[in-house]
$ cat data10.txt   # compact mmCIF, C-alpha atoms
# COMPACT_ATOMS: atom_id res chain seq x y z
CA MET A 1 -60.95 -15.40 -1.53
CA SER A 2 -59.82 -12.90 -4.18
CA THR A 3 -56.77 -13.44 -6.40
CA PHE A 4 -54.87 -10.73 -4.52
CA GLU A 5 -55.67 -12.25 -1.14
CA LYS A 6 -54.51 -15.65 -2.40
CA PHE A 7 -51.27 -14.10 -3.63
CA ARG A 8 -50.76 -12.29 -0.32
CA SER A 9 -51.46 -15.46 1.64
CA LYS A 10 -49.03 -17.45 -0.49
CA MET A 11 -46.36 -14.78 -0.18
CA GLU A 12 -46.73 -14.68 3.59
CA GLU A 13 -46.52 -18.47 3.74
CA VAL A 14 -43.32 -18.61 1.64
CA ILE A 15 -41.59 -15.86 3.61
CA ALA A 16 -42.71 -17.36 6.93
CA ARG A 17 -41.26 -20.73 5.93
CA PHE A 18 -38.01 -19.12 4.82
CA SER A 19 -37.69 -17.02 7.98
CA SER A 20 -38.36 -20.04 10.21
CA THR A 21 -35.59 -22.21 8.71
CA THR A 22 -32.79 -23.29 11.00
CA ALA A 23 -30.18 -21.55 8.84
CA ILE A 24 -31.89 -18.15 8.91
CA ASN A 25 -32.55 -18.31 12.65
CA ALA A 26 -28.99 -19.43 13.35
CA LEU A 27 -27.66 -16.60 11.19
CA LYS A 28 -29.92 -14.01 12.83
CA ASN A 29 -29.21 -15.10 16.40
CA GLY A 30 -25.54 -15.74 15.70
CA MET A 31 -25.01 -12.24 14.34
CA LEU A 32 -26.75 -10.78 17.39
CA ALA A 33 -23.91 -12.24 19.45
CA THR A 34 -21.52 -9.82 17.72
CA LEU A 35 -23.60 -6.80 18.79
CA PRO A 36 -21.81 -6.27 22.16
CA LEU A 37 -18.49 -6.14 20.29
CA THR A 38 -19.66 -3.46 17.88
CA MET A 39 -21.38 -1.43 20.60
CA LEU A 40 -18.48 -1.55 23.06
CA GLY A 41 -15.89 -0.98 20.36
CA SER A 42 -17.89 2.00 19.12
CA ILE A 43 -17.62 3.71 22.52
CA PHE A 44 -13.84 3.68 22.45
CA LEU A 45 -13.66 4.48 18.75
CA LEU A 46 -16.01 7.41 19.28
CA VAL A 47 -13.72 8.86 21.96
CA ALA A 48 -10.75 8.39 19.63
CA SER A 49 -12.48 10.28 16.79
CA PHE A 50 -15.16 12.46 18.38
CA PRO A 51 -16.86 14.59 15.69
CA ILE A 52 -15.81 18.06 16.84
CA ASP A 53 -13.04 20.32 15.58
CA ASN A 54 -9.60 20.14 17.22
CA TRP A 55 -10.54 17.04 19.24
CA SER A 56 -7.19 15.40 18.56
CA GLU A 57 -5.31 18.51 19.61
CA ILE A 58 -7.34 18.77 22.83
CA MET A 59 -6.66 15.15 23.77
CA THR A 60 -2.99 15.42 22.84
CA GLY A 61 -2.69 18.35 25.23
CA LEU A 62 -4.36 16.34 28.01
CA LEU A 63 -2.84 12.87 27.53
CA GLY A 64 0.17 13.27 25.26
CA PRO A 65 0.89 12.44 21.62
CA ASP A 66 0.22 8.69 22.00
CA TRP A 67 -3.22 9.17 23.55
CA LYS A 68 -5.08 7.27 20.78
CA TYR A 69 -3.20 4.00 21.24
CA PRO A 70 -5.25 2.43 24.09
CA PHE A 71 -8.52 3.53 22.48
CA THR A 72 -7.65 2.03 19.09
CA GLN A 73 -6.37 -1.12 20.78
CA VAL A 74 -9.83 -1.69 22.26
CA SER A 75 -11.71 -0.76 19.09
CA SER A 76 -9.53 -2.94 16.87
CA SER A 77 -9.71 -5.83 19.34
CA THR A 78 -13.50 -5.77 19.07
CA PHE A 79 -14.21 -4.88 15.42
CA ASP A 80 -11.31 -6.92 14.07
CA ILE A 81 -12.49 -10.23 15.54
CA ILE A 82 -16.13 -9.91 14.53
CA ALA A 83 -15.92 -12.69 11.90
CA LEU A 84 -14.07 -14.90 14.38
CA VAL A 85 -16.93 -14.54 16.86
CA ALA A 86 -19.58 -14.94 14.15
CA SER A 87 -18.11 -18.26 12.98
CA PHE A 88 -18.46 -19.58 16.53
CA SER A 89 -21.85 -18.09 17.39
CA ILE A 90 -23.64 -19.06 14.13
CA ALA A 91 -22.67 -22.72 14.52
CA TYR A 92 -23.47 -22.50 18.25
CA GLN A 93 -26.97 -21.23 17.51
CA TYR A 94 -27.49 -23.85 14.80
CA ALA A 95 -26.70 -26.66 17.25
CA ARG A 96 -28.81 -25.06 19.98
CA ILE A 97 -31.84 -24.91 17.66
CA LYS A 98 -31.28 -28.58 16.81
CA LYS A 99 -31.13 -29.34 20.55
CA ILE A 100 -27.51 -30.51 20.35
CA GLU A 101 -24.92 -29.45 22.96
CA PRO A 102 -23.81 -26.24 21.22
CA PHE A 103 -20.44 -25.23 22.65
CA ALA A 104 -18.39 -27.97 20.96
CA CYS A 105 -20.11 -27.24 17.65
CA GLY A 106 -19.21 -23.54 17.92
CA MET A 107 -15.63 -24.41 18.87
CA ILE A 108 -15.23 -26.77 15.88
CA SER A 109 -16.63 -24.08 13.59
CA LEU A 110 -14.06 -21.62 14.92
CA VAL A 111 -11.30 -24.13 14.14
CA ASN A 112 -12.65 -24.62 10.62
CA PHE A 113 -12.77 -20.87 10.09
CA LEU A 114 -9.11 -20.52 11.10
CA VAL A 115 -8.17 -23.41 8.81
CA LEU A 116 -9.81 -21.71 5.82
CA ILE A 117 -8.53 -18.14 6.18
CA PRO A 118 -4.99 -17.11 5.16
CA SER A 119 -2.34 -17.53 7.86
CA VAL A 120 0.34 -15.72 5.89
CA VAL A 121 0.61 -11.99 5.21
CA VAL A 122 3.22 -10.08 3.27
CA GLN A 123 4.82 -7.03 4.90
CA ASP A 124 7.44 -5.07 2.96
CA GLY A 125 8.00 -8.06 0.73
CA VAL A 126 8.53 -10.44 3.65
CA GLU A 127 6.11 -13.30 4.36
CA VAL A 128 4.92 -13.48 7.96
CA ASP A 129 3.25 -16.76 8.87
CA SER A 130 1.70 -18.54 11.88
CA ILE A 131 -0.57 -15.60 12.63
CA ILE A 132 -4.28 -14.80 12.75
CA PRO A 133 -4.61 -11.74 10.49
CA LYS A 134 -7.08 -9.22 11.86
CA THR A 135 -8.11 -8.38 8.31
CA TRP A 136 -9.59 -11.85 7.86
CA ALA A 137 -10.80 -12.18 11.46
CA GLY A 138 -12.76 -8.95 10.94
CA GLY A 139 -14.85 -7.58 8.08
CA SER A 140 -13.08 -9.33 5.21
CA GLY A 141 -13.81 -12.73 6.71
CA MET A 142 -17.51 -12.15 7.35
CA ALA A 143 -18.87 -14.12 4.37
CA THR A 144 -16.51 -16.99 5.17
CA ALA A 145 -17.66 -16.96 8.80
CA ILE A 146 -21.32 -17.19 7.75
CA ILE A 147 -20.72 -20.05 5.32
CA VAL A 148 -18.42 -21.97 7.68
CA GLY A 149 -20.76 -21.47 10.66
CA LEU A 150 -23.83 -22.69 8.77
CA ILE A 151 -22.13 -25.67 7.08
CA THR A 152 -20.35 -26.74 10.26
CA GLY A 153 -23.57 -26.47 12.25
CA TRP A 154 -25.50 -28.48 9.67
CA LEU A 155 -22.89 -31.21 9.25
CA TYR A 156 -22.07 -31.51 12.96
CA THR A 157 -25.71 -31.86 14.02
CA ALA A 158 -26.55 -34.20 11.12
CA ILE A 159 -23.74 -36.58 12.11
CA LEU A 160 -24.83 -36.63 15.75
CA ASN A 161 -28.48 -37.15 14.80
CA LYS A 162 -27.42 -40.23 12.84
CA GLY A 163 -25.99 -41.61 16.07
CA TRP A 164 -22.34 -41.38 15.05
CA ARG A 165 -20.87 -40.72 18.47
CA ILE A 166 -18.73 -42.36 21.13
CA LYS A 167 -21.27 -43.49 23.69
CA MET A 168 -20.20 -43.37 27.31
CA PRO A 169 -21.76 -45.18 30.29
CA ALA A 170 -24.58 -43.36 32.09
CA SER A 171 -22.34 -42.93 35.13
CA VAL A 172 -19.94 -40.66 33.21
CA PRO A 173 -20.50 -36.92 34.01
CA GLU A 174 -22.40 -35.00 31.35
CA GLY A 175 -19.51 -32.66 30.56
CA VAL A 176 -17.16 -35.57 29.89
CA ALA A 177 -19.77 -37.40 27.78
CA ASN A 178 -20.36 -34.28 25.67
CA SER A 179 -16.63 -34.00 24.99
CA PHE A 180 -16.50 -37.58 23.70
CA ASN A 181 -19.73 -37.07 21.72
CA ALA A 182 -18.00 -34.26 19.84
CA LEU A 183 -15.03 -36.32 18.68
CA ILE A 184 -16.52 -38.08 15.64
CA PRO A 185 -18.53 -35.12 14.21
CA GLY A 186 -15.67 -32.79 15.14
CA PHE A 187 -13.11 -34.93 13.30
CA LEU A 188 -15.28 -35.27 10.20
CA THR A 189 -16.03 -31.53 9.96
CA ILE A 190 -12.39 -30.58 10.52
CA LEU A 191 -11.40 -33.21 7.93
CA MET A 192 -13.75 -31.48 5.50
CA ALA A 193 -12.07 -28.13 6.20
CA PHE A 194 -8.65 -29.80 5.77
CA VAL A 195 -9.58 -31.16 2.34
CA VAL A 196 -10.99 -27.81 1.22
CA CYS A 197 -7.86 -26.03 2.48
CA ALA A 198 -5.61 -28.49 0.62
CA VAL A 199 -7.55 -28.20 -2.64
CA PHE A 200 -7.48 -24.39 -2.64
CA ARG A 201 -3.90 -24.02 -1.40
CA ILE A 202 -2.17 -26.79 -3.36
CA GLY A 203 -4.41 -26.88 -6.40
CA LEU A 204 -5.35 -23.21 -6.81
CA GLN A 205 -2.60 -21.40 -4.87
CA THR A 206 -5.17 -19.47 -2.85
CA THR A 207 -7.57 -19.95 0.06
CA LEU A 208 -11.31 -20.45 0.28
CA SER A 209 -11.70 -17.09 2.04
CA GLU A 210 -9.96 -15.19 -0.73
CA CYS A 211 -12.19 -16.88 -3.33
CA ILE A 212 -15.34 -16.14 -1.32
CA VAL A 213 -14.39 -12.47 -1.01
CA ALA A 214 -13.72 -12.21 -4.75
CA ILE A 215 -16.81 -14.14 -5.87
CA LEU A 216 -19.40 -13.41 -3.17
CA GLN A 217 -18.55 -10.87 -0.49
CA ILE A 218 -17.24 -8.00 -2.60
CA PRO A 219 -20.21 -8.18 -5.03
CA LEU A 220 -22.66 -8.28 -2.11
CA GLN A 221 -20.92 -5.42 -0.30
CA SER A 222 -20.73 -3.40 -3.50
CA GLY A 223 -24.33 -4.23 -4.41
CA LEU A 224 -25.71 -3.14 -1.05
CA GLY A 225 -23.34 -0.16 -1.10
CA SER A 226 -24.58 0.99 -4.51
CA LEU A 227 -27.60 3.21 -5.09
CA PRO A 228 -29.70 0.55 -6.95
CA GLY A 229 -28.94 -2.11 -4.34
CA TYR A 230 -29.61 0.32 -1.49
CA LEU A 231 -32.95 1.35 -3.01
CA LEU A 232 -34.01 -2.25 -3.62
CA TYR A 233 -33.17 -3.16 -0.02
CA THR A 234 -35.10 -0.11 1.22
CA ILE A 235 -38.18 -0.99 -0.87
CA LEU A 236 -38.15 -4.61 0.31
CA ILE A 237 -38.12 -3.51 3.96
CA SER A 238 -41.27 -1.44 3.38
CA ILE A 239 -43.00 -4.20 1.40
CA PHE A 240 -42.27 -6.75 4.10
CA TRP A 241 -43.79 -4.51 6.75
CA MET A 242 -46.79 -3.74 4.56
CA PHE A 243 -47.57 -7.46 4.73
CA GLY A 244 -46.85 -7.58 8.46
CA ILE A 245 -43.54 -9.43 8.02
CA HIS A 246 -40.69 -8.26 10.25
CA SER A 247 -37.72 -6.95 8.27
CA SER A 248 -35.31 -8.87 10.52
CA VAL A 249 -35.42 -11.59 7.85
CA LEU A 250 -33.82 -9.21 5.35
CA ASN A 251 -31.58 -7.55 7.91
CA SER A 252 -30.09 -10.85 9.07
CA ILE A 253 -28.77 -11.35 5.52
CA ALA A 254 -27.82 -7.76 4.72
CA ASN A 255 -26.39 -6.51 8.03
CA PRO A 256 -23.16 -8.57 7.98
CA PHE A 257 -22.23 -7.11 4.59
CA LEU A 258 -23.29 -3.57 5.51
CA ARG A 259 -21.15 -3.85 8.65
CA ALA A 260 -18.28 -5.15 6.52
CA ASN A 261 -18.61 -1.94 4.46
CA GLY A 262 -18.18 0.11 7.64
CA LEU A 263 -15.18 -1.94 8.74
CA ALA A 264 -13.58 -1.46 5.32
CA ASN A 265 -14.14 2.29 5.67
CA GLN A 266 -12.63 2.21 9.15
CA ALA A 267 -9.53 0.48 7.76
CA LEU A 268 -9.12 3.39 5.35
CA LEU A 269 -9.45 5.87 8.20
CA ASP A 270 -6.93 3.97 10.30
CA ALA A 271 -4.52 4.09 7.36
CA GLY A 272 -4.92 7.87 7.16
CA VAL A 273 -6.85 7.75 3.88
CA ALA A 274 -9.75 10.14 3.29
CA LEU A 275 -13.15 8.47 3.08
CA THR A 276 -14.17 9.23 -0.48
CA ALA A 277 -15.62 7.08 -3.23
CA SER A 278 -12.47 7.65 -5.31
CA ASN A 279 -10.41 6.12 -2.47
CA GLY A 280 -12.63 3.06 -2.38
CA ALA A 281 -14.88 4.05 0.54
CA TYR A 282 -18.38 2.58 0.68
CA LEU A 283 -21.08 5.26 0.69
CA ILE A 284 -23.65 2.90 2.26
CA THR A 285 -23.00 1.10 5.54
CA PHE A 286 -24.95 -0.43 8.42
CA GLN A 287 -25.50 3.03 9.94
CA SER A 288 -27.14 4.23 6.71
CA ARG A 289 -29.90 1.71 7.33
CA SER A 290 -30.08 1.66 11.11
CA ASN A 291 -29.94 5.41 11.73
CA PHE A 292 -31.45 6.85 8.57
CA ILE A 293 -33.77 4.68 6.44
CA THR A 294 -35.35 3.03 9.47
CA MET A 295 -34.98 6.06 11.73
CA THR A 296 -37.95 6.40 14.16
CA GLY A 297 -38.88 2.86 13.11
CA ALA A 298 -39.50 0.99 9.88
CA CYS A 299 -41.05 3.12 7.10
CA ILE A 300 -39.90 6.28 8.99
CA THR A 301 -43.36 6.95 10.40
CA VAL A 302 -42.35 9.99 12.47
CA GLY A 303 -44.26 12.30 10.09
CA LEU A 304 -47.39 10.22 10.53
CA VAL A 305 -47.04 10.25 14.32
CA LEU A 306 -46.58 14.03 14.43
CA ALA A 307 -49.62 14.48 12.17
CA MET A 308 -51.73 12.26 14.44
CA ALA A 309 -50.56 13.95 17.64
CA PHE A 310 -50.99 17.57 16.49
CA ARG A 311 -53.31 17.64 13.47
CA ALA A 312 -55.79 14.78 13.93
CA ARG A 313 -59.51 15.54 14.18
CA SER A 314 -60.51 12.01 15.12
CA MET A 315 -60.03 10.96 18.74
CA ARG A 316 -58.74 7.57 17.60
CA TYR A 317 -55.73 8.99 15.79
CA LYS A 318 -55.17 11.85 18.23
CA GLN A 319 -54.83 9.41 21.13
CA LEU A 320 -52.67 7.01 19.12
CA GLY A 321 -50.38 9.86 18.09
CA LYS A 322 -49.88 10.98 21.69
CA LEU A 323 -49.19 7.43 22.82
CA ALA A 324 -46.73 6.84 19.98
CA LEU A 325 -44.70 10.04 20.39
CA ILE A 326 -42.25 8.81 23.02
CA PRO A 327 -41.70 5.32 21.51
CA THR A 328 -41.11 6.97 18.12
CA PHE A 329 -38.48 9.22 19.70
CA PHE A 330 -36.60 6.02 20.60
CA ASN A 331 -37.16 4.40 17.17
CA VAL A 332 -39.96 2.03 18.24
CA ASN A 333 -43.01 2.27 16.00
CA GLU A 334 -44.86 -1.06 16.29
CA PRO A 335 -47.83 0.80 17.88
CA VAL A 336 -48.18 2.71 14.60
CA LEU A 337 -47.43 -0.19 12.26
CA PHE A 338 -50.13 -2.34 13.86
CA GLY A 339 -52.34 0.31 15.50
CA PHE A 340 -52.83 2.88 12.71
CA PRO A 341 -52.40 0.42 10.94
CA ILE A 342 -49.70 0.41 8.29
CA VAL A 343 -49.80 -3.38 7.98
CA LEU A 344 -52.17 -4.44 5.16
CA ASN A 345 -53.42 -0.87 4.83
CA PHE A 346 -52.78 -0.40 1.11
CA ALA A 347 -54.19 3.13 1.20
CA MET A 348 -50.83 3.99 2.85
CA LEU A 349 -48.68 2.05 0.37
CA ILE A 350 -47.43 5.14 -1.49
CA PRO A 351 -46.01 7.00 1.54
CA VAL A 352 -44.73 3.75 3.08
CA LEU A 353 -42.64 3.22 -0.07
CA LEU A 354 -41.91 6.85 -0.92
CA VAL A 355 -40.62 8.12 2.43
CA PRO A 356 -37.83 5.52 2.81
CA ILE A 357 -36.91 5.91 -0.88
CA CYS A 358 -36.56 9.67 -0.42
CA ALA A 359 -34.54 9.07 2.75
CA ALA A 360 -32.25 6.62 0.94
CA LEU A 361 -31.68 9.11 -1.88
CA THR A 362 -31.05 11.91 0.61
CA VAL A 363 -28.46 9.88 2.52
CA TYR A 364 -26.76 8.61 -0.61
CA PHE A 365 -26.41 11.98 -2.35
CA ALA A 366 -25.51 13.83 0.87
CA THR A 367 -22.63 11.38 1.17
CA ALA A 368 -21.78 11.34 -2.54
CA ILE A 369 -21.42 15.14 -2.77
CA GLY A 370 -19.33 15.26 0.39
CA PHE A 371 -21.80 17.06 2.65
CA MET A 372 -21.78 14.07 5.03
CA ALA A 373 -18.77 11.79 5.35
CA PRO A 374 -19.18 8.03 4.84
CA PHE A 375 -19.40 6.11 8.11
CA GLY A 376 -16.68 3.96 9.62
CA ALA A 377 -17.12 1.37 12.35
CA ILE A 378 -18.75 3.58 14.99
CA GLU A 379 -22.28 2.40 15.78
CA VAL A 380 -24.84 3.63 18.27
CA PRO A 381 -27.61 1.61 19.96
CA TRP A 382 -30.65 1.45 17.67
CA THR A 383 -32.79 3.15 20.33
CA THR A 384 -30.64 6.32 20.25
CA PRO A 385 -32.97 9.20 19.29
CA PRO A 386 -32.56 10.82 15.87
CA LEU A 387 -30.46 13.98 15.66
CA ILE A 388 -28.49 12.70 18.69
CA SER A 389 -27.48 9.54 16.82
CA GLY A 390 -26.64 11.61 13.76
CA PHE A 391 -24.36 13.93 15.72
CA ILE A 392 -22.55 11.02 17.36
CA LEU A 393 -22.02 9.30 14.00
CA GLY A 394 -21.19 12.24 11.78
CA GLY A 395 -21.39 15.56 13.61
CA TRP A 396 -23.89 18.30 12.86
CA ARG A 397 -24.03 17.46 9.16
CA ALA A 398 -25.45 13.99 9.83
CA SER A 399 -27.99 15.55 12.20
CA VAL A 400 -29.04 17.95 9.44
CA VAL A 401 -29.58 15.01 7.08
CA GLN A 402 -31.73 13.29 9.72
CA LEU A 403 -33.74 16.49 10.22
CA LEU A 404 -34.29 16.72 6.46
CA ILE A 405 -35.57 13.11 6.43
CA ILE A 406 -37.98 13.92 9.28
CA LEU A 407 -39.31 16.86 7.25
CA GLU A 408 -39.71 14.61 4.19
CA SER A 409 -41.67 12.16 6.33
CA CYS A 410 -43.98 14.92 7.54
CA VAL A 411 -44.62 16.32 4.06
CA ILE A 412 -45.24 12.96 2.37
CA TYR A 413 -47.32 11.27 5.07
CA TYR A 414 -49.60 14.24 5.84
CA PRO A 415 -51.97 14.23 2.80
CA PHE A 416 -52.49 10.47 3.09
CA PHE A 417 -53.05 10.74 6.84
CA LYS A 418 -55.51 13.60 6.32
CA LYS A 419 -57.72 11.38 4.17
CA GLN A 420 -57.58 8.50 6.68
CA ASP A 421 -58.29 10.91 9.54
CA ALA A 422 -61.32 12.36 7.75
CA LEU A 423 -62.80 8.88 7.34
CA ALA A 424 -62.15 8.04 11.00
CA TYR A 425 -63.65 11.36 12.12
CA GLN A 426 -66.76 10.74 10.02
CA GLU A 427 -67.16 7.27 11.52
CA GLU A 428 -66.87 8.72 15.03
CA GLN A 429 -69.46 11.39 14.28
CA GLU A 430 -71.90 8.89 12.81
CA GLY A 431 -71.39 6.59 15.75
CA GLU A 432 -72.31 9.26 18.34
CA PRO A 433 -75.83 9.06 19.78
CA SER A 434 -78.19 11.77 18.53

$ encode --input "data10.txt" --output "structure tokens"
Amino acid sequence: MSTFEKFRSKMEEVIARFSSTTAINALKNGMLATLPLTMLGSIFLLVASFPIDNWSEIMTGLLGPDWKYPFTQVSSSTFDIIALVASFSIAYQYARIKKIEPFACGMISLVNFLVLIPSVVVQDGVEVDSIIPKTWAGGSGMATAIIVGLITGWLYTAILNKGWRIKMPASVPEGVANSFNALIPGFLTILMAFVVCAVFRIGLQTTLSECIVAILQIPLQSGLGSLPGYLLYTILISIFWMFGIHSSVLNSIANPFLRANGLANQALLDAGVALTASNGAYLITFQSRSNFITMTGACITVGLVLAMAFRARSMRYKQLGKLALIPTFFNVNEPVLFGFPIVLNFAMLIPVLLVPICAALTVYFATAIGFMAPFGAIEVPWTTPPLISGFILGGWRASVVQLLIILESCVIYYPFFKKQDALAYQEEQEGEPS
């Protein structure tokens, strides 16, 4: 085995171990539970801010001046509790993976999350307490929700696995027994949250959530929202796929913070503030990744698919291109990644890296110069075709940016495909009987 193959094998082993850990799987599956909230909230938010001129005036004429209220009530009641749901679902998934009754674990995690976020807000100089602030239940509380969900899940399951539970007779119904089983681990985990709350509030005059935002969440949001961080993330996605490793490992870590960027932008919009960098808007959000740098699938292989379908000389690539056209239209490109293949095909390394980098730069600078507005909280299903998804998210300008990325993909992939196609065509010709 060559040195490179040993390195590749070791790298795959390390990443596979990391991606198979309970924490990463709980985080990934737990965040998936928030997807219905973002999708459903996006529908109502989209209607409230549809990207065409005079939309507000049209709706005001139809429904009256207060027409936005019910739409924003739904959108805020979904987006603004996303951290609340995540704190429950991450711990729930952790316990489920450990084969522990998960509902009580999720419920205890939710309690811990509420204990550790601020319950006091200041309005016009007046303190309002005994509330659940939507700011902290939404995007601002996302890092806290992840940490609380993972730690609660770990501690709760570890205590039960040590046998620290109130054992009930076998005749007691399962639901009742599970409730009593949860008392000891539930008390100990809530006691932990109580101590942490007391230390931060009494000793430091703050809360754990506020410290996490200052120390961890804001740097991560800003890092992923910056051009260097965005490019690094983009490159890692391509490298992972080049080795056949699904980028969901990276996305499970990055997506919560990219979504928090969009929620922060939406808060600016709701406050009537223009989404510009000078006003504190994030130029990079979840949509920047989902609908632009992985548009038509990871590595943006639409240019390769079009080249195969319409320019291939070899039957192998011509047939693959035709088969891959429709899936690519709906952002599914596994047939290309594994069938062309892209995976472990280092002859395609340059375009696999270069196309997403060009796309990331295009999106960033189109947003930075004001051609395309930064995105708020509106999301579309990942299978929404390009150009359509762009129009829904940002009007015709976002569609133009997507079209430009498709053209970049075509231009960059074509010369590399042409060489691969020539080799495949030669093999086919040599393989034909004389």

$ residues_around --input "data10.txt" --residues "A:Thr206" --least-positions-apart "5" --cutoff "9 Å" --atoms "all atoms listed in the file" --output "PyMOL selection string"
chain A and resi 118+197+200-201+211

$ closest_residue --input "data10.txt" --among "A:Gly153, A:Pro335, A:Gly280, A:Pro70" --to "A:Val305" --atoms "all atoms listed in the file"
A:Pro335

$ closest_residue --input "data10.txt" --among "A:Leu404, A:Val213, A:Ile326, A:Val411" --to "A:Thr383" --atoms "all atoms listed in the file"
A:Ile326

$ residues_near_point --input "data10.txt" --point "(-3.2, -17.3, 1.1)" --cutoff "9 Å" --atoms "all atoms listed in the file" --output "MDAnalysis selection string"
chainID A and resid 117:121 201 205:210

$ atom_distance --input "data10.txt" --atom1 "atom CA of A:Ile24" --atom2 "atom CA of A:Ile97"
11.1 Å

$ atom_distance --input "data10.txt" --atom1 "atom CA of A:Arg311" --atom2 "atom CA of A:Pro327"
18.7 Å

$ residues_around --input "data10.txt" --residues "stretch 191-196 of chain A" --least-positions-apart "4" --cutoff "12 Å" --atoms "all atoms listed in the file" --output "PyMOL selection string"
chain A and resi 108-117+147-149+151-152+155-156+183-187+200-204+206-209+211

$ closest_residue --input "data10.txt" --among "A:Ser222, A:Ser179, A:Asn161, A:Thr34" --to "A:Gly138" --atoms "all atoms listed in the file"
A:Thr34

$ closest_residue --input "data10.txt" --among "A:Val401, A:Ala281, A:Thr362, A:Ala145" --to "A:Leu231" --atoms "all atoms listed in the file"
A:Thr362

$ closest_atom_pairs --input "data10.txt" --of "stretch 100-162 of chain A" --to "stretch 239-259 of chain A" --cutoff "10 Å" --atoms "only C-alpha atoms" --output "CSV"
residue,atom,partner,partner_atom,distance
A:Gly139,CA,A:Arg259,CA,7.3
A:Ser140,CA,A:Phe257,CA,9.4
A:Met142,CA,A:Pro256,CA,6.7
A:Ala143,CA,A:Phe257,CA,7.8
A:Ile146,CA,A:Pro256,CA,8.8

$ closest_residue --input "data10.txt" --among "A:Val355, A:Val400, A:Met295, A:Met348" --to "A:Phe371" --atoms "only C-alpha atoms"
A:Val400

$ closest_residue --input "data10.txt" --among "A:Ser42, A:Thr301, A:Gln93, A:Gln73" --to "A:Leu325" --atoms "all atoms listed in the file"
A:Thr301

$ atom_distance --input "data10.txt" --atom1 "atom CA of A:Tyr230" --atom2 "atom CA of A:Asp80"
25.1 Å

$ residues_around --input "data10.txt" --residues "stretch 47-49 of chain A" --least-positions-apart "2" --cutoff "8 Å" --atoms "only C-alpha atoms" --output "PDB file with C-alpha atoms, keeping the file's coordinate frame"
ATOM      1  CA  ILE A  43     -17.620   3.710  22.520  1.00  0.00           C
ATOM      2  CA  PHE A  44     -13.840   3.680  22.450  1.00  0.00           C
ATOM      3  CA  LEU A  45     -13.660   4.480  18.750  1.00  0.00           C
ATOM      4  CA  PRO A  51     -16.860  14.590  15.690  1.00  0.00           C
ATOM      5  CA  TRP A  55     -10.540  17.040  19.240  1.00  0.00           C
ATOM      6  CA  SER A  56      -7.190  15.400  18.560  1.00  0.00           C
ATOM      7  CA  LYS A  68      -5.080   7.270  20.780  1.00  0.00           C
ATOM      8  CA  PHE A  71      -8.520   3.530  22.480  1.00  0.00           C
ATOM      9  CA  THR A  72      -7.650   2.030  19.090  1.00  0.00           C
TER      10      THR A  72
END

$ residues_around --input "data10.txt" --residues "A:Gly370" --least-positions-apart "6" --cutoff "12 Å" --atoms "all atoms listed in the file" --output "ChimeraX atom specification"
/A:274-278,283,363-364,394,397-398

$ write_last_selection --input "data10.txt" --atoms "C-alpha atoms" --output "CSV table (one decimal), in the frame of the given file"
chain,number,residue,atom,x,y,z
A,274,ALA,CA,-9.8,10.1,3.3
A,275,LEU,CA,-13.2,8.5,3.1
A,276,THR,CA,-14.2,9.2,-0.5
A,277,ALA,CA,-15.6,7.1,-3.2
A,278,SER,CA,-12.5,7.6,-5.3
A,283,LEU,CA,-21.1,5.3,0.7
A,363,VAL,CA,-28.5,9.9,2.5
A,364,TYR,CA,-26.8,8.6,-0.6
A,394,GLY,CA,-21.2,12.2,11.8
A,397,ARG,CA,-24.0,17.5,9.2
A,398,ALA,CA,-25.4,14.0,9.8

$ residues_around --input "data10.txt" --residues "A:Phe416" --least-positions-apart "2" --cutoff "9 Å" --atoms "only C-alpha atoms" --output "PyMOL selection string"
chain A and resi 347-348+350-351+412-414+418-421

$ build_atoms --input "data10.txt" --residues "stretch 35-42 of chain A" --atoms "N, CA and C atoms" --output "PDB file, in the coordinates of the input"
ATOM      1  N   LEU A  35     -23.149  -8.159  18.470  1.00  0.00           N
ATOM      2  CA  LEU A  35     -23.600  -6.800  18.790  1.00  0.00           C
ATOM      3  C   LEU A  35     -22.836  -6.170  19.951  1.00  0.00           C
ATOM      4  N   PRO A  36     -22.593  -6.891  21.076  1.00  0.00           N
ATOM      5  CA  PRO A  36     -21.810  -6.270  22.160  1.00  0.00           C
ATOM      6  C   PRO A  36     -20.429  -5.802  21.702  1.00  0.00           C
ATOM      7  N   LEU A  37     -19.806  -6.546  20.780  1.00  0.00           N
ATOM      8  CA  LEU A  37     -18.490  -6.140  20.290  1.00  0.00           C
ATOM      9  C   LEU A  37     -18.572  -4.807  19.556  1.00  0.00           C
ATOM     10  N   THR A  38     -19.551  -4.685  18.656  1.00  0.00           N
ATOM     11  CA  THR A  38     -19.660  -3.460  17.880  1.00  0.00           C
ATOM     12  C   THR A  38     -20.065  -2.274  18.751  1.00  0.00           C
ATOM     13  N   MET A  39     -20.952  -2.518  19.723  1.00  0.00           N
ATOM     14  CA  MET A  39     -21.380  -1.430  20.600  1.00  0.00           C
ATOM     15  C   MET A  39     -20.243  -0.963  21.511  1.00  0.00           C
ATOM     16  N   LEU A  40     -19.567  -1.905  22.144  1.00  0.00           N
ATOM     17  CA  LEU A  40     -18.480  -1.550  23.060  1.00  0.00           C
ATOM     18  C   LEU A  40     -17.301  -0.947  22.304  1.00  0.00           C
ATOM     19  N   GLY A  41     -16.975  -1.547  21.157  1.00  0.00           N
ATOM     20  CA  GLY A  41     -15.890  -0.980  20.360  1.00  0.00           C
ATOM     21  C   GLY A  41     -16.206   0.421  19.885  1.00  0.00           C
ATOM     22  N   SER A  42     -17.489   0.677  19.598  1.00  0.00           N
ATOM     23  CA  SER A  42     -17.890   2.000  19.120  1.00  0.00           C
ATOM     24  C   SER A  42     -17.662   3.078  20.174  1.00  0.00           C
TER      25      SER A  42
END
